[in-house]
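Q: The following file, model08.cif, comprises mmCIF, C-alpha atoms:
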```cif
data_coords
loop_
_atom_site.label_atom_id
_atom_site.label_comp_id
_atom_site.auth_asym_id
_atom_site.auth_seq_id
_atom_site.Cartn_x
_atom_site.Cartn_y
_atom_site.Cartn_z
CA VAL C 1 46.33 21.12 100.84
CA SER C 2 42.92 19.55 100.29
CA ALA C 3 43.91 18.49 96.78
CA LEU C 4 47.15 16.91 98.05
CA ARG C 5 45.24 15.02 100.69
CA LYS C 6 42.72 13.95 98.03
CA ARG C 7 39.77 15.59 99.76
CA VAL C 8 37.64 16.05 96.68
CA ALA C 9 34.67 17.82 98.31
CA ALA C 10 36.88 20.34 100.17
CA THR C 11 38.95 20.97 97.03
CA ARG C 12 35.82 21.66 94.95
CA ARG C 13 34.43 24.01 97.62
CA ALA C 14 37.72 25.95 97.79
CA ALA C 15 37.87 26.15 93.97
CA ARG C 16 34.28 27.49 93.81
CA ILE C 17 35.06 30.14 96.46
CA LEU C 18 38.25 31.18 94.61
CA LEU C 19 36.43 31.34 91.28
CA ALA C 20 33.59 33.43 92.77
CA TRP C 21 36.13 35.80 94.32
CA LEU C 22 38.00 36.17 91.01
CA VAL C 23 34.75 36.86 89.11
CA CYS C 24 33.68 39.53 91.66
CA TYR C 25 37.14 41.12 91.57
CA GLY C 26 37.14 41.15 87.77
CA ILE C 27 33.68 42.75 87.63
CA ALA C 28 34.77 45.43 90.15
CA LEU C 29 38.01 46.07 88.22
CA ILE C 30 36.18 46.53 84.91
CA ALA C 31 33.28 48.54 86.38
CA VAL C 32 35.56 51.02 88.14
CA ALA C 33 37.77 51.34 85.03
CA LEU C 34 34.81 52.08 82.78
CA LEU C 35 33.01 54.43 85.18
CA THR C 36 36.01 56.46 86.37
CA PRO C 37 36.94 59.46 84.20
CA ARG C 38 40.38 59.75 82.70
CA ARG C 39 42.89 61.60 84.85
CA VAL C 40 44.40 64.62 83.10
CA TYR C 41 47.53 66.35 84.40
CA ALA C 42 48.00 70.02 83.56
CA ARG C 43 51.14 71.21 81.79
CA GLY C 44 54.03 71.09 84.29
CA GLU C 45 52.07 69.17 86.93
CA ARG C 46 54.12 66.36 88.45
CA HIS C 47 52.86 62.79 88.33
CA CYS C 48 54.79 60.50 90.66
CA PHE C 49 55.24 56.75 90.47
CA ASP C 50 56.46 56.16 94.02
CA ASP C 51 59.48 58.53 94.31
CA TRP C 52 60.13 58.91 90.54
CA CYS C 53 58.16 61.78 89.02
CA VAL C 54 57.53 63.19 85.56
CA ALA C 55 56.07 66.50 84.36
CA ALA C 56 55.31 67.24 80.71
CA ASP C 57 56.19 70.69 79.40
CA ASP C 58 55.76 71.35 75.70
CA VAL C 59 55.87 69.75 72.27
CA ALA C 60 57.07 71.47 69.11
CA PRO C 61 57.81 70.48 65.51
CA ALA C 62 61.47 69.63 64.99
CA ALA C 63 63.39 72.17 62.94
CA ALA C 64 64.49 70.86 59.54
CA ALA C 65 68.13 71.47 60.50
CA THR C 66 67.91 69.47 63.74
CA ASN C 67 70.25 66.50 63.71
CA LEU C 68 68.01 63.65 64.87
CA SER C 69 68.36 59.91 64.51
CA CYS C 70 64.66 60.10 63.69
CA SER C 71 63.76 62.06 60.57
CA ALA C 72 60.46 62.78 58.88
CA GLU C 73 59.33 60.47 56.11
CA PRO C 74 56.80 61.34 53.41
CA GLY C 75 53.46 62.13 55.06
CA THR C 76 54.96 62.44 58.54
CA ARG C 77 56.35 65.11 60.79
CA VAL C 78 58.77 64.89 63.73
CA TRP C 79 57.74 66.53 67.00
CA ILE C 80 59.99 67.02 70.03
CA ALA C 81 58.35 66.65 73.46
CA ALA C 82 60.08 68.19 76.49
CA LEU C 83 59.53 66.75 79.93
CA GLU C 84 61.18 66.84 83.32
CA ILE C 85 62.03 63.78 85.38
CA SER C 86 62.54 64.33 89.10
CA SER C 87 62.97 62.44 92.34
CA VAL C 88 61.18 63.12 95.60
CA ALA C 89 63.27 60.52 97.41
CA ARG C 90 65.18 61.72 100.45
CA ARG C 91 68.14 59.34 100.52
CA ILE C 92 68.37 57.01 97.54
CA ARG C 93 69.05 57.43 93.83
CA GLN C 94 66.07 56.70 91.54
CA ARG C 95 65.75 55.15 88.11
CA ALA C 96 62.81 53.88 86.08
CA ARG C 97 64.21 51.14 83.88
CA ASP C 98 60.81 50.41 82.31
CA ALA C 99 59.62 54.00 81.78
CA ARG C 100 58.35 54.91 78.33
CA ALA C 101 56.26 57.68 76.84
CA GLU C 102 53.73 57.83 74.01
CA LEU C 103 52.55 60.97 72.25
CA GLU C 104 48.76 61.17 71.93
CA ASP C 105 47.11 63.05 69.07
CA GLN C 106 43.71 64.72 68.88
CA HIS C 107 42.07 61.44 67.78
CA GLY C 108 43.45 59.42 70.70
CA ASN C 109 46.11 57.62 68.64
CA HIS C 110 49.36 56.84 70.46
CA PHE C 111 52.85 57.08 68.97
CA SER C 112 56.05 55.74 70.53
CA ALA C 113 59.25 57.77 70.55
CA CYS C 114 61.14 57.09 67.34
CA ALA C 115 64.61 57.37 68.86
CA SER C 116 66.20 56.99 72.26
CA PRO C 117 66.61 60.37 73.89
CA ALA C 118 69.83 61.58 75.40
CA PRO C 119 69.60 61.49 78.37
CA PRO C 120 67.25 58.48 78.42
CA LEU C 121 64.09 58.26 80.54
CA SER C 122 65.80 55.53 82.55
CA SER C 123 68.61 57.85 83.72
CA GLU C 124 69.48 57.57 87.39
CA ILE C 125 68.81 60.70 89.43
CA GLY C 126 69.72 61.53 93.01
CA PRO C 127 67.49 62.61 95.88
CA GLY C 128 65.75 65.87 95.02
CA GLU C 129 67.40 66.09 91.58
CA SER C 130 65.66 66.67 88.27
CA LEU C 131 66.54 66.13 84.63
CA ARG C 132 65.11 67.51 81.37
CA VAL C 133 64.49 65.02 78.58
CA GLN C 134 63.52 65.65 74.96
CA LEU C 135 61.73 62.84 73.13
CA PRO C 136 61.34 62.79 69.32
CA PHE C 137 58.11 61.39 67.86
CA ARG C 138 57.30 60.74 64.19
CA ILE C 139 53.58 61.17 63.60
CA PRO C 140 51.37 61.69 60.52
CA SER C 141 51.45 65.23 59.11
CA ASP C 142 47.74 65.76 59.75
CA ALA C 143 47.96 64.68 63.41
CA GLN C 144 48.07 67.32 66.15
CA PRO C 145 49.66 66.28 69.47
CA VAL C 146 47.72 66.95 72.67
CA GLY C 147 49.86 65.33 75.35
CA LEU C 148 51.90 62.44 76.65
CA VAL C 149 50.88 59.12 78.12
CA MET C 150 53.52 57.82 80.52
CA HIS C 151 54.10 54.15 81.26
CA HIS C 152 56.07 52.95 84.25
CA GLY C 153 55.69 49.20 84.18
CA ASP C 154 52.38 47.54 83.55
CA PHE C 155 52.29 44.99 86.34
CA PRO C 156 50.73 45.00 88.94
CA ASP C 157 48.84 48.20 87.97
CA LEU C 158 46.83 46.33 85.33
CA LEU C 159 45.13 44.46 88.15
CA ILE C 160 44.71 47.25 90.72
CA ILE C 161 41.16 48.56 91.05
CA GLY C 162 41.12 52.34 90.48
CA SER C 163 44.63 52.61 89.02
CA ASP C 164 45.16 54.94 86.05
CA ARG C 165 46.74 52.04 84.23
CA SER C 166 44.28 49.29 85.19
CA LEU C 167 42.70 47.03 82.62
CA PHE C 168 40.11 48.86 80.43
CA HIS C 169 40.90 52.29 81.98
CA GLN C 170 42.14 55.13 79.79
CA PRO C 171 45.71 56.00 80.83
CA ALA C 172 46.41 59.38 82.40
CA LEU C 173 47.15 62.20 79.94
CA HIS C 174 49.88 64.78 80.55
CA GLN C 175 48.73 67.89 78.71
CA MET C 176 51.42 69.84 76.88
CA ASP C 177 51.80 73.30 75.42
CA VAL C 178 51.73 72.67 71.64
CA LYS C 179 54.07 75.11 69.93
CA ALA C 180 53.68 76.03 66.27
CA GLN C 181 56.56 76.07 63.79
CA GLY C 182 58.91 78.98 64.46
CA THR C 183 57.63 79.89 67.97
#
```
Could you take the file, read its structure, and then write that structure out as structure tokens?

A:
Amino acid sequence: VSALRKRVAATRRAARILLAWLVCYGIALIAVALLTPRRVYARGERHCFDDWCVAADDVAPAAAATNLSCSAEPGTRVWIAALEISSVARRIRQRARDARAELEDQHGNHFSACASPAPPLSSEIGPGESLRVQLPFRIPSDAQPVGLVMHHGDFPDLLIIGSDRSLFHQPALHQMDVKAQGT
């Protein structure tokens, strides 16, 4: 309003206050992200994003005979991660259109699913319902999976102080039971 009324001194003062607030908020966001430890969910422990929840179960190498749209290439191996999607809503159907998962290996590298699962992570589920999903991941042969990192939209969580997905904070890890070939 000051700028529209051409009040230069008031506009400069408001801009300085806004800039100071943004700098303080940014410092707090980064400090909390760097000083807060990474949240780790145990195998089977539910992590909810509002009323839509996910729990990681296990990850195992894909059998050679498995018919996947994602197959191993030289120097890689396909792993299948099993997880459960559920709803804690009481009346409405839930869906996470922007949900995605990444497999994390022992070195902290992240790998996206190499094919769309059936049913997809964005499947609609009713109140109190749950759904099992299997995600295929192609990772280097020498990599050992340790868990899943779930994403459920990046905004506004990138800017929320203390969020698991805030800027500069390590995302939450869903630990999984890593099964060996043939078990």

Q: Between C:Leu135, C:Leu34, C:Val78, C:Ala99, which is the closest to Ile161 in chain C once you count all atoms listed in the file?

A: C:Leu34

Q: Considering only C-alpha atoms, return as a PyMOL selection string whatever protein or nucleic-acid residues lie within 7 Å of Pro171 in chain C, sequence-local ones (same chain, fewer than 3 positions apart) excluded.

A: chain C and resi 38+149+164-165

Q: Counting all atoms listed in the file, give me one row per residue of range 10-80 of chain C with an atom at most 12 Å from an atom of range 120-123 of chain C, showing the shortest contact pair and its distance in Å to one decimal, sorted by chain then residue number, as a tab-separated table.

A:
```
residue	atom	partner	partner_atom	distance
C:Trp52	CA	C:Ser122	CA	10.4
C:Cys53	CA	C:Leu121	CA	10.9
C:Val54	CA	C:Leu121	CA	9.6
```

Q: Evaluate the PyMOL selection byres ((chain C and resi 62) around 6) and record the selected residues as an MDAnalysis selection string, following the chain and residue labels used in the document.

A: chainID C and resid 61 63 78:80

Q: What separation in Å, quoted to one decimal, exists between CA of Val59 in chain C and CA of Gly147 in chain C?

A: 8.1 Å

Q: Can you list what the PyMOL selection byres ((chain C and resi 36) around 12) grabs from this structure, as a compact mmCIF listing (two decimals) with C-alpha atoms, keeping the file's coordinate frame?

A:
```txt
# COMPACT_ATOMS: atom_id res chain seq x y z
CA ALA C 28 34.77 45.43 90.15
CA LEU C 29 38.01 46.07 88.22
CA ILE C 30 36.18 46.53 84.91
CA ALA C 31 33.28 48.54 86.38
CA VAL C 32 35.56 51.02 88.14
CA ALA C 33 37.77 51.34 85.03
CA LEU C 34 34.81 52.08 82.78
CA LEU C 35 33.01 54.43 85.18
CA PRO C 37 36.94 59.46 84.20
CA ARG C 38 40.38 59.75 82.70
CA ARG C 39 42.89 61.60 84.85
CA ILE C 161 41.16 48.56 91.05
CA GLY C 162 41.12 52.34 90.48
CA SER C 163 44.63 52.61 89.02
CA ASP C 164 45.16 54.94 86.05
CA ARG C 165 46.74 52.04 84.23
CA SER C 166 44.28 49.29 85.19
CA PHE C 168 40.11 48.86 80.43
CA HIS C 169 40.90 52.29 81.98
CA GLN C 170 42.14 55.13 79.79
CA PRO C 171 45.71 56.00 80.83
CA ALA C 172 46.41 59.38 82.40
```

Q: How would you write, as number ranges by chain, the residues chosen by the PyMOL selection byres ((chain C and resi 76) around 9) on this structure?

A: C: 72-75, 77-78, 138-143

Q: Determine the axis-aligned bounding box of all atoms of range 32-37 of chain C present in the file, pad each side by 4 Å, and express its centre and edge lengths in Å to one decimal place as lines of an AutoDock Vina configuration file.

A:
```
center_x = 35.4
center_y = 55.2
center_z = 85.5
size_x = 12.8
size_y = 16.4
size_z = 13.4
```
